[in-house]
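What follows is upload-v4.txt (compact mmCIF, C-alpha atoms).
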# COMPACT_ATOMS: atom_id res chain seq x y z
CA MET W 1 4.79 -4.99 -23.22
CA VAL W 2 1.43 -5.67 -24.82
CA GLY W 3 -0.92 -2.71 -24.48
CA ILE W 4 -4.48 -3.00 -23.20
CA LYS W 5 -7.04 -2.58 -25.95
CA ASN W 6 -9.38 0.32 -25.39
CA LYS W 7 -12.66 -1.37 -24.37
CA THR W 8 -15.71 0.38 -23.02
CA TYR W 9 -16.44 -1.29 -19.71
CA SER W 10 -19.21 -0.37 -17.31
CA VAL W 11 -18.43 1.37 -14.02
CA ALA W 12 -18.97 -1.90 -12.15
CA GLU W 13 -16.73 -3.82 -14.55
CA LYS W 14 -13.89 -1.34 -14.13
CA GLU W 15 -14.39 -1.37 -10.38
CA ALA W 16 -14.20 -5.17 -10.25
CA ILE W 17 -10.94 -5.15 -12.21
CA GLY W 18 -9.44 -2.44 -10.02
CA LEU W 19 -10.54 -4.14 -6.81
CA CYS W 20 -8.97 -7.43 -7.86
CA ILE W 21 -5.66 -5.80 -8.78
CA SER W 22 -5.57 -3.76 -5.56
CA LEU W 23 -6.55 -6.72 -3.36
CA GLU W 24 -3.76 -8.86 -4.81
CA ALA W 25 -1.29 -5.97 -4.42
CA ILE W 26 -2.11 -5.85 -0.70
CA GLY W 27 -1.70 -9.61 -0.53
CA ASP W 28 1.80 -9.18 -1.95
CA MET W 29 2.66 -7.03 1.10
CA ALA W 30 0.53 -8.31 3.98
CA ASN W 31 1.52 -11.97 3.94
CA HIS W 32 3.43 -14.49 6.04
CA ALA W 33 6.32 -14.68 3.57
CA LEU W 34 7.29 -11.04 4.24
CA LEU W 35 5.94 -10.30 7.70
CA GLU W 36 5.71 -11.93 11.10
CA LEU W 37 3.21 -10.89 13.78
CA ARG W 38 4.40 -11.14 17.39
CA ASP W 39 1.96 -10.69 20.25
CA VAL W 40 2.94 -8.09 22.87
CA SER W 41 2.65 -9.84 26.23
CA MET W 42 2.42 -6.59 28.20
CA TYR W 43 -0.45 -5.31 26.05
CA PRO W 44 -2.86 -8.16 25.22
CA GLY W 45 -4.48 -7.70 21.83
CA GLU W 46 -1.58 -5.68 20.40
CA VAL W 47 1.12 -7.02 18.07
CA GLU W 48 4.45 -5.95 16.62
CA VAL W 49 5.18 -6.55 12.94
CA TYR W 50 8.64 -7.83 11.99
CA PHE W 51 10.25 -8.32 8.61
CA HIS W 52 11.90 -11.71 8.27
CA THR W 53 15.10 -10.19 6.85
CA TYR W 54 16.44 -6.90 5.53
CA ILE W 55 15.66 -8.09 2.00
CA HIS W 56 12.03 -8.72 2.95
CA GLN W 57 11.83 -5.17 4.28
CA GLU W 58 13.18 -3.79 1.00
CA LEU W 59 10.65 -5.80 -1.00
CA PHE W 60 7.85 -4.53 1.25
CA ILE W 61 8.89 -0.90 0.68
CA ILE W 62 9.13 -1.41 -3.10
CA ARG W 63 5.66 -2.94 -3.23
CA LEU W 64 4.30 -0.24 -0.92
CA LEU W 65 5.65 2.44 -3.26
CA ASP W 66 3.94 0.75 -6.20
CA PHE W 67 0.69 0.52 -4.26
CA VAL W 68 0.47 4.12 -3.05
CA LYS W 69 2.20 6.09 -5.80
CA GLU W 70 2.86 4.34 -9.11
CA SER W 71 0.14 4.65 -11.77
CA GLY W 72 -1.28 1.69 -13.63
CA ASP W 73 -2.97 1.53 -17.03
CA SER W 74 -6.19 3.57 -16.92
CA LYS W 75 -7.53 1.57 -19.88
CA LEU W 76 -7.76 -1.43 -17.55
CA THR W 77 -9.22 0.12 -14.40
CA GLY W 78 -10.60 3.42 -15.64
CA VAL W 79 -8.39 5.21 -13.10
CA SER W 80 -5.21 7.12 -13.87
CA GLY W 81 -3.39 6.58 -10.61
CA SER W 82 -2.07 4.11 -8.06
CA CYS W 83 -3.89 1.18 -6.46
CA LEU W 84 -4.70 3.50 -3.57
CA LYS W 85 -6.37 5.88 -6.03
CA VAL W 86 -8.23 2.92 -7.55
CA LEU W 87 -9.61 2.06 -4.10
CA GLN W 88 -10.56 5.67 -3.45
CA THR W 89 -12.51 5.63 -6.71
CA ALA W 90 -14.17 2.33 -5.76
CA CYS W 91 -15.33 3.93 -2.52
CA ASP W 92 -17.12 6.54 -4.65
CA THR W 93 -18.62 4.20 -7.26
CA CYS W 94 -19.33 1.41 -4.69
CA SER W 95 -21.00 -0.75 -7.34
CA PHE W 96 -21.19 -3.79 -5.04
CA ASP W 97 -22.32 -2.05 -1.86
CA GLN W 98 -24.99 -3.86 0.09
CA LYS W 99 -26.47 -2.20 3.18
CA GLY W 100 -23.44 0.03 3.70
CA SER W 101 -20.82 -2.70 3.30
CA ILE W 102 -18.51 -0.10 1.69
CA GLY W 103 -18.19 1.83 4.97
CA ALA W 104 -15.15 0.09 6.44
CA LEU W 105 -13.27 0.34 3.13
CA THR W 106 -13.90 4.07 2.89
CA LYS W 107 -12.62 4.52 6.44
CA SER W 108 -9.50 2.35 6.10
CA VAL W 109 -8.47 3.83 2.73
CA LYS W 110 -8.79 7.35 4.16
CA GLU W 111 -6.72 6.36 7.18
CA LEU W 112 -3.81 5.25 4.98
CA ASP W 113 -4.10 8.28 2.71
CA ASP W 114 -4.09 10.64 5.72
CA TRP W 115 -1.03 8.85 7.12
CA LEU W 116 0.86 9.15 3.85
CA ASN W 117 0.15 12.86 3.51
CA TYR W 118 0.93 13.75 7.11
CA LYS W 119 3.87 16.11 7.54
CA THR W 120 6.18 15.78 10.49
CA PRO W 121 9.56 17.41 11.26
CA ILE W 122 12.47 15.00 10.83
CA LYS W 123 16.05 15.45 12.00
CA LEU W 124 18.63 13.79 9.72
CA TRP W 125 22.36 13.72 10.31
CA LEU W 126 23.92 13.59 6.83
CA PRO W 127 27.66 13.16 7.39
CA THR W 128 28.44 12.97 3.68
CA LEU W 129 27.06 16.49 3.27
CA GLY W 130 28.23 17.72 6.65
CA ILE W 131 24.81 18.91 7.76
CA GLU W 132 22.23 18.02 10.36
CA ALA W 133 19.03 18.75 8.50
CA ASP W 134 15.65 19.55 10.02
CA ILE W 135 13.16 18.90 7.25
CA GLU W 136 9.39 18.59 6.98
CA VAL W 137 7.87 16.50 4.19
CA ASN W 138 4.95 14.17 3.62
CA ARG W 139 5.57 10.57 4.64
CA ILE W 140 4.90 9.47 1.07
CA ASP W 141 8.08 11.34 0.06
CA PHE W 142 10.12 9.03 2.28
CA ILE W 143 8.41 6.00 0.74
CA ALA W 144 9.31 7.33 -2.72
CA ILE W 145 12.95 7.82 -1.71
CA SER W 146 13.34 4.43 -0.02
CA GLY W 147 11.31 2.47 -2.55
CA ASN W 148 13.22 3.80 -5.52
CA TYR W 149 16.55 3.37 -3.72
CA CYS W 150 15.69 -0.30 -3.14
CA LYS W 151 14.66 -0.76 -6.78
CA HIS W 152 17.62 0.76 -8.60
CA ASN W 153 21.38 0.98 -8.61
CA LEU W 154 23.11 4.34 -8.16
CA SER W 155 23.35 5.03 -11.88
CA ARG W 156 19.54 5.02 -12.12
CA LEU W 157 18.80 7.18 -9.08
CA THR W 158 18.95 10.58 -10.78
CA GLY W 159 15.26 11.18 -10.08
CA VAL W 160 15.68 10.32 -6.39
CA SER W 161 18.68 12.64 -6.15
CA LYS W 162 16.67 15.48 -7.66
CA HIS W 163 13.81 14.74 -5.28
CA ILE W 164 16.12 14.90 -2.25
CA HIS W 165 17.79 18.05 -3.61
CA SER W 166 14.37 19.69 -3.90
CA ILE W 167 13.41 18.63 -0.35
CA LEU W 168 16.64 20.00 1.13
CA ASP W 169 16.38 23.20 -0.87
CA SER W 170 12.77 23.85 0.18
CA ASN W 171 13.83 23.39 3.80
CA GLY W 172 16.67 25.91 3.52
CA TYR W 173 19.68 23.70 2.78
CA SER W 174 21.66 24.58 -0.33
CA VAL W 175 23.59 21.54 -1.55
CA PRO W 176 25.03 21.02 -5.06
CA LEU W 177 22.95 18.44 -6.92
CA GLU W 178 26.04 16.45 -7.92
CA GLN W 179 26.78 15.78 -4.21
CA ILE W 180 23.41 14.19 -3.50
CA PRO W 181 24.17 10.70 -4.94
CA LEU W 182 27.05 10.45 -2.49
CA ALA W 183 24.63 11.02 0.40
CA LEU W 184 21.99 8.48 -0.65
CA ASP W 185 23.42 5.91 1.75
CA ASP W 186 22.88 8.37 4.61
CA PHE W 187 19.19 8.55 3.70
CA ARG W 188 18.96 4.78 3.31
CA GLU W 189 20.39 4.23 6.77
CA HIS W 190 17.96 6.65 8.41
CA LEU W 191 14.88 5.54 6.55
CA GLN W 192 15.29 1.79 6.19
CA GLU W 193 17.11 1.07 9.44
CA ASN W 194 15.06 3.43 11.58
CA TYR W 195 11.97 5.05 10.10
CA PHE W 196 10.41 2.05 8.33
CA VAL W 197 11.45 -0.42 11.02
CA TYR W 198 9.49 1.71 13.48
CA TYR W 199 6.48 2.37 11.23
CA GLY W 200 6.35 -1.11 9.71
CA THR W 201 3.87 -2.23 12.36
CA TRP W 202 1.48 0.65 11.74
CA LEU W 203 1.74 0.28 7.97
CA GLY W 204 1.14 -3.45 8.24
CA GLU W 205 -1.97 -2.84 10.33
CA MET W 206 -3.39 -0.26 7.91
CA LEU W 207 -2.84 -2.50 4.90
CA ASN W 208 -4.41 -5.44 6.71
CA ASN W 209 -7.37 -3.23 7.68
CA ILE W 210 -7.90 -2.37 4.01
CA ARG W 211 -7.77 -6.05 3.06
CA TRP W 212 -10.36 -6.94 5.69
CA ALA W 213 -12.50 -3.98 4.65
CA MET W 214 -12.45 -5.27 1.07
CA GLN W 215 -13.53 -8.64 2.43
CA ASN W 216 -16.44 -7.04 4.28
CA TYR W 217 -17.43 -4.98 1.24
CA LEU W 218 -17.48 -7.91 -1.18
CA GLU W 219 -18.64 -10.84 0.96
CA PRO W 220 -22.36 -10.09 0.35
CA THR W 221 -21.68 -10.13 -3.40
CA TYR W 222 -19.68 -13.35 -3.01
CA ARG W 223 -22.51 -15.04 -1.11
CA ALA W 224 -25.00 -13.94 -3.75
CA SER W 225 -22.80 -15.06 -6.64
CA TYR W 226 -21.37 -18.36 -5.38
CA THR W 227 -23.38 -21.36 -6.47
CA LYS W 228 -23.15 -25.13 -6.97
CA ASP W 229 -25.28 -27.03 -9.43
CA ASP W 230 -24.80 -30.13 -7.31
CA PRO W 231 -24.32 -29.51 -3.55
CA SER W 232 -22.34 -32.75 -3.22
CA ASP W 233 -19.88 -31.78 -5.99
CA ILE W 234 -16.69 -29.85 -5.32
CA ARG W 235 -17.24 -27.80 -8.45
CA TYR W 236 -18.70 -24.33 -8.11
CA ARG W 237 -19.34 -21.29 -10.24
CA TYR W 238 -20.25 -17.64 -9.91
CA GLU W 239 -23.39 -16.02 -11.19
CA TYR W 240 -22.37 -12.61 -12.46
CA PRO W 241 -24.08 -9.41 -11.30
CA ILE W 242 -26.17 -7.79 -14.00
CA GLN W 243 -23.55 -5.00 -14.39
CA ILE W 244 -20.83 -7.53 -15.35
CA THR W 245 -21.56 -8.52 -18.97
CA GLN W 246 -18.30 -8.55 -20.94
CA GLU W 247 -15.95 -11.51 -21.08
CA ILE W 248 -12.74 -9.97 -19.72
CA PRO W 249 -14.44 -8.27 -16.74
CA LYS W 250 -16.20 -11.58 -16.04
CA GLN W 251 -12.83 -13.27 -15.75
CA TRP W 252 -11.60 -10.55 -13.39
CA PHE W 253 -14.79 -10.82 -11.33
CA TRP W 254 -14.30 -14.60 -11.02
CA ARG W 255 -10.73 -14.04 -9.89
CA LEU W 256 -11.87 -11.35 -7.42
CA MET W 257 -14.49 -13.67 -5.93
CA ASN W 258 -11.91 -16.44 -5.57
CA ASN W 259 -9.77 -14.02 -3.57
CA ILE W 260 -12.74 -13.30 -1.32
CA ARG W 261 -13.33 -17.05 -1.03
CA THR W 262 -9.73 -17.49 0.15
CA GLY W 263 -9.85 -14.54 2.57
CA PRO W 264 -7.06 -12.38 4.04
CA TYR W 265 -3.73 -13.95 4.96
CA PHE W 266 -3.61 -12.37 8.42
CA LYS W 267 -6.14 -12.18 11.22
CA LYS W 268 -7.37 -8.73 12.18
CA PHE W 269 -4.82 -7.16 14.51
CA ALA W 270 -4.03 -3.93 16.32
CA GLY W 271 -0.46 -2.67 16.06
CA ALA W 272 1.36 -1.83 19.27
CA HIS W 273 0.32 1.66 20.39
CA TYR W 274 3.92 2.66 21.16
CA LEU W 275 4.80 2.14 17.50
CA LYS W 276 2.25 4.77 16.43
CA GLU W 277 3.88 7.77 18.06
CA GLN W 278 7.24 9.06 16.81
CA SER W 279 10.32 7.40 15.39
CA SER W 280 13.60 8.55 16.92
CA LEU W 281 14.15 10.76 13.86
CA GLU W 282 11.12 12.78 14.96
CA TRP W 283 12.23 13.47 18.52
CA HIS W 284 12.93 17.16 18.91
CA ASP W 285 13.79 17.29 22.59
CA ARG W 286 17.49 16.63 22.04
Using structure tokens, write down the structure that the file contains.
Amino acid sequence: MVGIKNKTYSVAEKEAIGLCISLEAIGDMANHALLELRDVSMYPGEVEVYFHTYIHQELFIIRLLDFVKESGDSKLTGVSGSCLKVLQTACDTCSFDQKGSIGALTKSVKELDDWLNYKTPIKLWLPTLGIEADIEVNRIDFIAISGNYCKHNLSRLTGVSKHIHSILDSNGYSVPLEQIPLALDDFREHLQENYFVYYGTWLGEMLNNIRWAMQNYLEPTYRASYTKDDPSDIRYRYEYPIQITQEIPKQWFWRLMNNIRTGPYFKKFAGAHYLKEQSSLEWHDR
């Protein structure tokens, strides 16, 4: 893999690069190829999100893991962290803010981050280990387990096994580490066939909210930058903000503005309220 040369970009240039990468990462998840929105007839204005197939669900979880947890090259964006961290940084630098246009992005990014770091008790029946485990972890831990399981074959899941071993141990369950790989299918069944089927609607809504918030943040900049030398010609160009001076950031800015020109793939939607409560793994009245 070719490394990124260490260039000194301005804050706005790094923000533009990070915004473009993050926006396209959301587009890789919140799109019609992976997801289907179905209106809920009993609750007008609410929708349920469905994955087209099991494989589409796996791809969604892999891409979600990359978006919220995996770090990119800080030489490119100026941020050592995930796309979510890049967006959090953009909410602080807000180089393209016009009359508070950053507000919705700050709110929607915080909503997803709060959701990921929320801890809730989960009951898991793990027949391979012979235990019914009550555990409490951040939701992002389940994304890490499922996303890596979907990515790799069993021979490459040592890190996931250690992660699960640590979770069980911290919740009072002593299990030999070498037994954990045998139980990975138990976790897959609970998480992919239950947990993320239930929470897919809420996650889809939050990601779509971030995409629309990026649209709202950057549309004033798009309107100010978009120009045609001849109104009757189909050709257009962008006039760069004064903070965008170097060639590579200019190319990223152009690409970012084209994404704003295209707009989000989905309409704004509200996920069904009954899919924002508790999955069956979280019921503790049984």
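Residues lying within 8 Å of Ser161 (chain W), counting all atoms listed in the file and ignoring same-chain neighbours fewer than 6 positions away, are W:Leu177, W:Ile180, W:Pro181, W:Leu184.
Of the listed residues (W:Arg255, W:Arg237, W:Lys267, W:Arg188), W:Lys267 comes nearest to Arg211 (chain W); the distances count all atoms listed in the file.
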With only C-alpha atoms as the atoms that count, which of W:Phe266, W:Phe51, W:Tyr226, W:Trp252 lies nearest to Thr77 (chain W)?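 Checking each of W:Phe266, W:Phe51, W:Tyr226, W:Trp252 against Thr77 (chain W), counting only C-alpha atoms, the winner is W:Trp252.
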Please identify all polymer residues lying at most 12 Å from the point (-23.3, -2.5, -1.6) (file coordinates), using all atoms listed in the file, and present the result as a short mmCIF file (atom, residue, chain, number, x, y, z; two decimals) with C-alpha atoms, keeping the file's coordinate frame.
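Okay, this is what ended up in point24.cif:
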data_model
loop_
_atom_site.label_atom_id
_atom_site.label_comp_id
_atom_site.auth_asym_id
_atom_site.auth_seq_id
_atom_site.Cartn_x
_atom_site.Cartn_y
_atom_site.Cartn_z
CA ALA W 12 -18.97 -1.90 -12.15
CA ALA W 90 -14.17 2.33 -5.76
CA CYS W 91 -15.33 3.93 -2.52
CA ASP W 92 -17.12 6.54 -4.65
CA THR W 93 -18.62 4.20 -7.26
CA CYS W 94 -19.33 1.41 -4.69
CA SER W 95 -21.00 -0.75 -7.34
CA PHE W 96 -21.19 -3.79 -5.04
CA ASP W 97 -22.32 -2.05 -1.86
CA GLN W 98 -24.99 -3.86 0.09
CA LYS W 99 -26.47 -2.20 3.18
CA GLY W 100 -23.44 0.03 3.70
CA SER W 101 -20.82 -2.70 3.30
CA ILE W 102 -18.51 -0.10 1.69
CA GLY W 103 -18.19 1.83 4.97
CA ALA W 104 -15.15 0.09 6.44
CA LEU W 105 -13.27 0.34 3.13
CA MET W 214 -12.45 -5.27 1.07
CA ASN W 216 -16.44 -7.04 4.28
CA TYR W 217 -17.43 -4.98 1.24
CA LEU W 218 -17.48 -7.91 -1.18
CA GLU W 219 -18.64 -10.84 0.96
CA PRO W 220 -22.36 -10.09 0.35
CA THR W 221 -21.68 -10.13 -3.40
CA TYR W 222 -19.68 -13.35 -3.01
CA ALA W 224 -25.00 -13.94 -3.75
CA PRO W 241 -24.08 -9.41 -11.30
#
So which residues touch Leu182 (chain W) within 12 Å, counting all atoms listed in the file, skipping near sequence neighbours fewer than 6 positions away, as a ChimeraX atom specification? /W:126-130,154-155,157-158,161,164,175-176,188
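Considering all atoms listed in the file, the residue among W:Ala25, W:Ile131, W:Leu84, W:Val79 positioned nearest to Asp186 (chain W) is W:Ile131.
Atom pair CA of Asn117 (chain W) / CA of Asn138 (chain W): separated by 5.0 Å.
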At most 12 Å is the cut-off: for each residue in region 178-250 of chain W with any atom that close to an atom of region 34-41 of chain W, write down the nearest atom pair and the distance in Å rounded to one decimal, counting all atoms listed in the file, chain first then increasing number, as JSON lines.
{"residue": "W:Val197", "atom": "CA", "partner": "W:Leu35", "partner_atom": "CA", "distance": 11.8}
{"residue": "W:Gly200", "atom": "CA", "partner": "W:Leu35", "partner_atom": "CA", "distance": 9.4}
{"residue": "W:Thr201", "atom": "CA", "partner": "W:Leu37", "partner_atom": "CA", "distance": 8.8}
{"residue": "W:Trp202", "atom": "CA", "partner": "W:Leu37", "partner_atom": "CA", "distance": 11.8}
{"residue": "W:Leu203", "atom": "CA", "partner": "W:Leu35", "partner_atom": "CA", "distance": 11.4}
{"residue": "W:Gly204", "atom": "CA", "partner": "W:Leu35", "partner_atom": "CA", "distance": 8.4}
{"residue": "W:Glu205", "atom": "CA", "partner": "W:Leu37", "partner_atom": "CA", "distance": 10.2}
{"residue": "W:Asn208", "atom": "CA", "partner": "W:Leu35", "partner_atom": "CA", "distance": 11.5}
Can I get region 206-224 of chain W with N, CA and C atoms filled in, as a JSON list (two decimals), in the frame of the given file?
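Writing done, so here's out.json:
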[["chain", "number", "residue", "atom", "x", "y", "z"],
["W", 206, "MET", "N", -2.51, -1.00, 8.83],
["W", 206, "MET", "CA", -3.39, -0.26, 7.91],
["W", 206, "MET", "C", -3.65, -1.04, 6.64],
["W", 207, "LEU", "N", -2.64, -1.69, 6.09],
["W", 207, "LEU", "CA", -2.84, -2.50, 4.90],
["W", 207, "LEU", "C", -3.76, -3.68, 5.18],
["W", 208, "ASN", "N", -3.56, -4.31, 6.33],
["W", 208, "ASN", "CA", -4.41, -5.44, 6.71],
["W", 208, "ASN", "C", -5.86, -4.98, 6.93],
["W", 209, "ASN", "N", -6.02, -3.78, 7.49],
["W", 209, "ASN", "CA", -7.37, -3.23, 7.68],
["W", 209, "ASN", "C", -8.07, -3.03, 6.33],
["W", 210, "ILE", "N", -7.31, -2.55, 5.34],
["W", 210, "ILE", "CA", -7.90, -2.37, 4.01],
["W", 210, "ILE", "C", -8.31, -3.72, 3.42],
["W", 211, "ARG", "N", -7.44, -4.71, 3.59],
["W", 211, "ARG", "CA", -7.77, -6.05, 3.06],
["W", 211, "ARG", "C", -9.03, -6.61, 3.71],
["W", 212, "TRP", "N", -9.16, -6.46, 5.02],
["W", 212, "TRP", "CA", -10.36, -6.94, 5.69],
["W", 212, "TRP", "C", -11.58, -6.13, 5.30],
["W", 213, "ALA", "N", -11.38, -4.83, 5.08],
["W", 213, "ALA", "CA", -12.50, -3.98, 4.65],
["W", 213, "ALA", "C", -12.99, -4.38, 3.26],
["W", 214, "MET", "N", -12.06, -4.76, 2.38],
["W", 214, "MET", "CA", -12.45, -5.27, 1.07],
["W", 214, "MET", "C", -13.24, -6.57, 1.22],
["W", 215, "GLN", "N", -12.82, -7.40, 2.16],
["W", 215, "GLN", "CA", -13.53, -8.64, 2.43],
["W", 215, "GLN", "C", -14.97, -8.35, 2.87],
["W", 216, "ASN", "N", -15.11, -7.39, 3.78],
["W", 216, "ASN", "CA", -16.44, -7.04, 4.28],
["W", 216, "ASN", "C", -17.31, -6.43, 3.18],
["W", 217, "TYR", "N", -16.70, -5.63, 2.33],
["W", 217, "TYR", "CA", -17.43, -4.98, 1.24],
["W", 217, "TYR", "C", -17.97, -6.00, 0.24],
["W", 218, "LEU", "N", -17.15, -7.01, -0.08],
["W", 218, "LEU", "CA", -17.48, -7.91, -1.18],
["W", 218, "LEU", "C", -18.10, -9.24, -0.76],
["W", 219, "GLU", "N", -18.08, -9.56, 0.53],
["W", 219, "GLU", "CA", -18.64, -10.84, 0.96],
["W", 219, "GLU", "C", -20.13, -10.98, 0.63],
["W", 220, "PRO", "N", -20.95, -9.93, 0.76],
["W", 220, "PRO", "CA", -22.36, -10.09, 0.35],
["W", 220, "PRO", "C", -22.50, -10.43, -1.13],
["W", 221, "THR", "N", -21.65, -9.81, -1.97],
["W", 221, "THR", "CA", -21.68, -10.13, -3.40],
["W", 221, "THR", "C", -21.20, -11.55, -3.63],
["W", 222, "TYR", "N", -20.18, -11.97, -2.89],
["W", 222, "TYR", "CA", -19.68, -13.35, -3.01],
["W", 222, "TYR", "C", -20.77, -14.35, -2.65],
["W", 223, "ARG", "N", -21.46, -14.10, -1.54],
["W", 223, "ARG", "CA", -22.51, -15.04, -1.11],
["W", 223, "ARG", "C", -23.64, -15.10, -2.13],
["W", 224, "ALA", "N", -23.93, -13.96, -2.75],
["W", 224, "ALA", "CA", -25.00, -13.94, -3.75],
["W", 224, "ALA", "C", -24.58, -14.58, -5.06]]
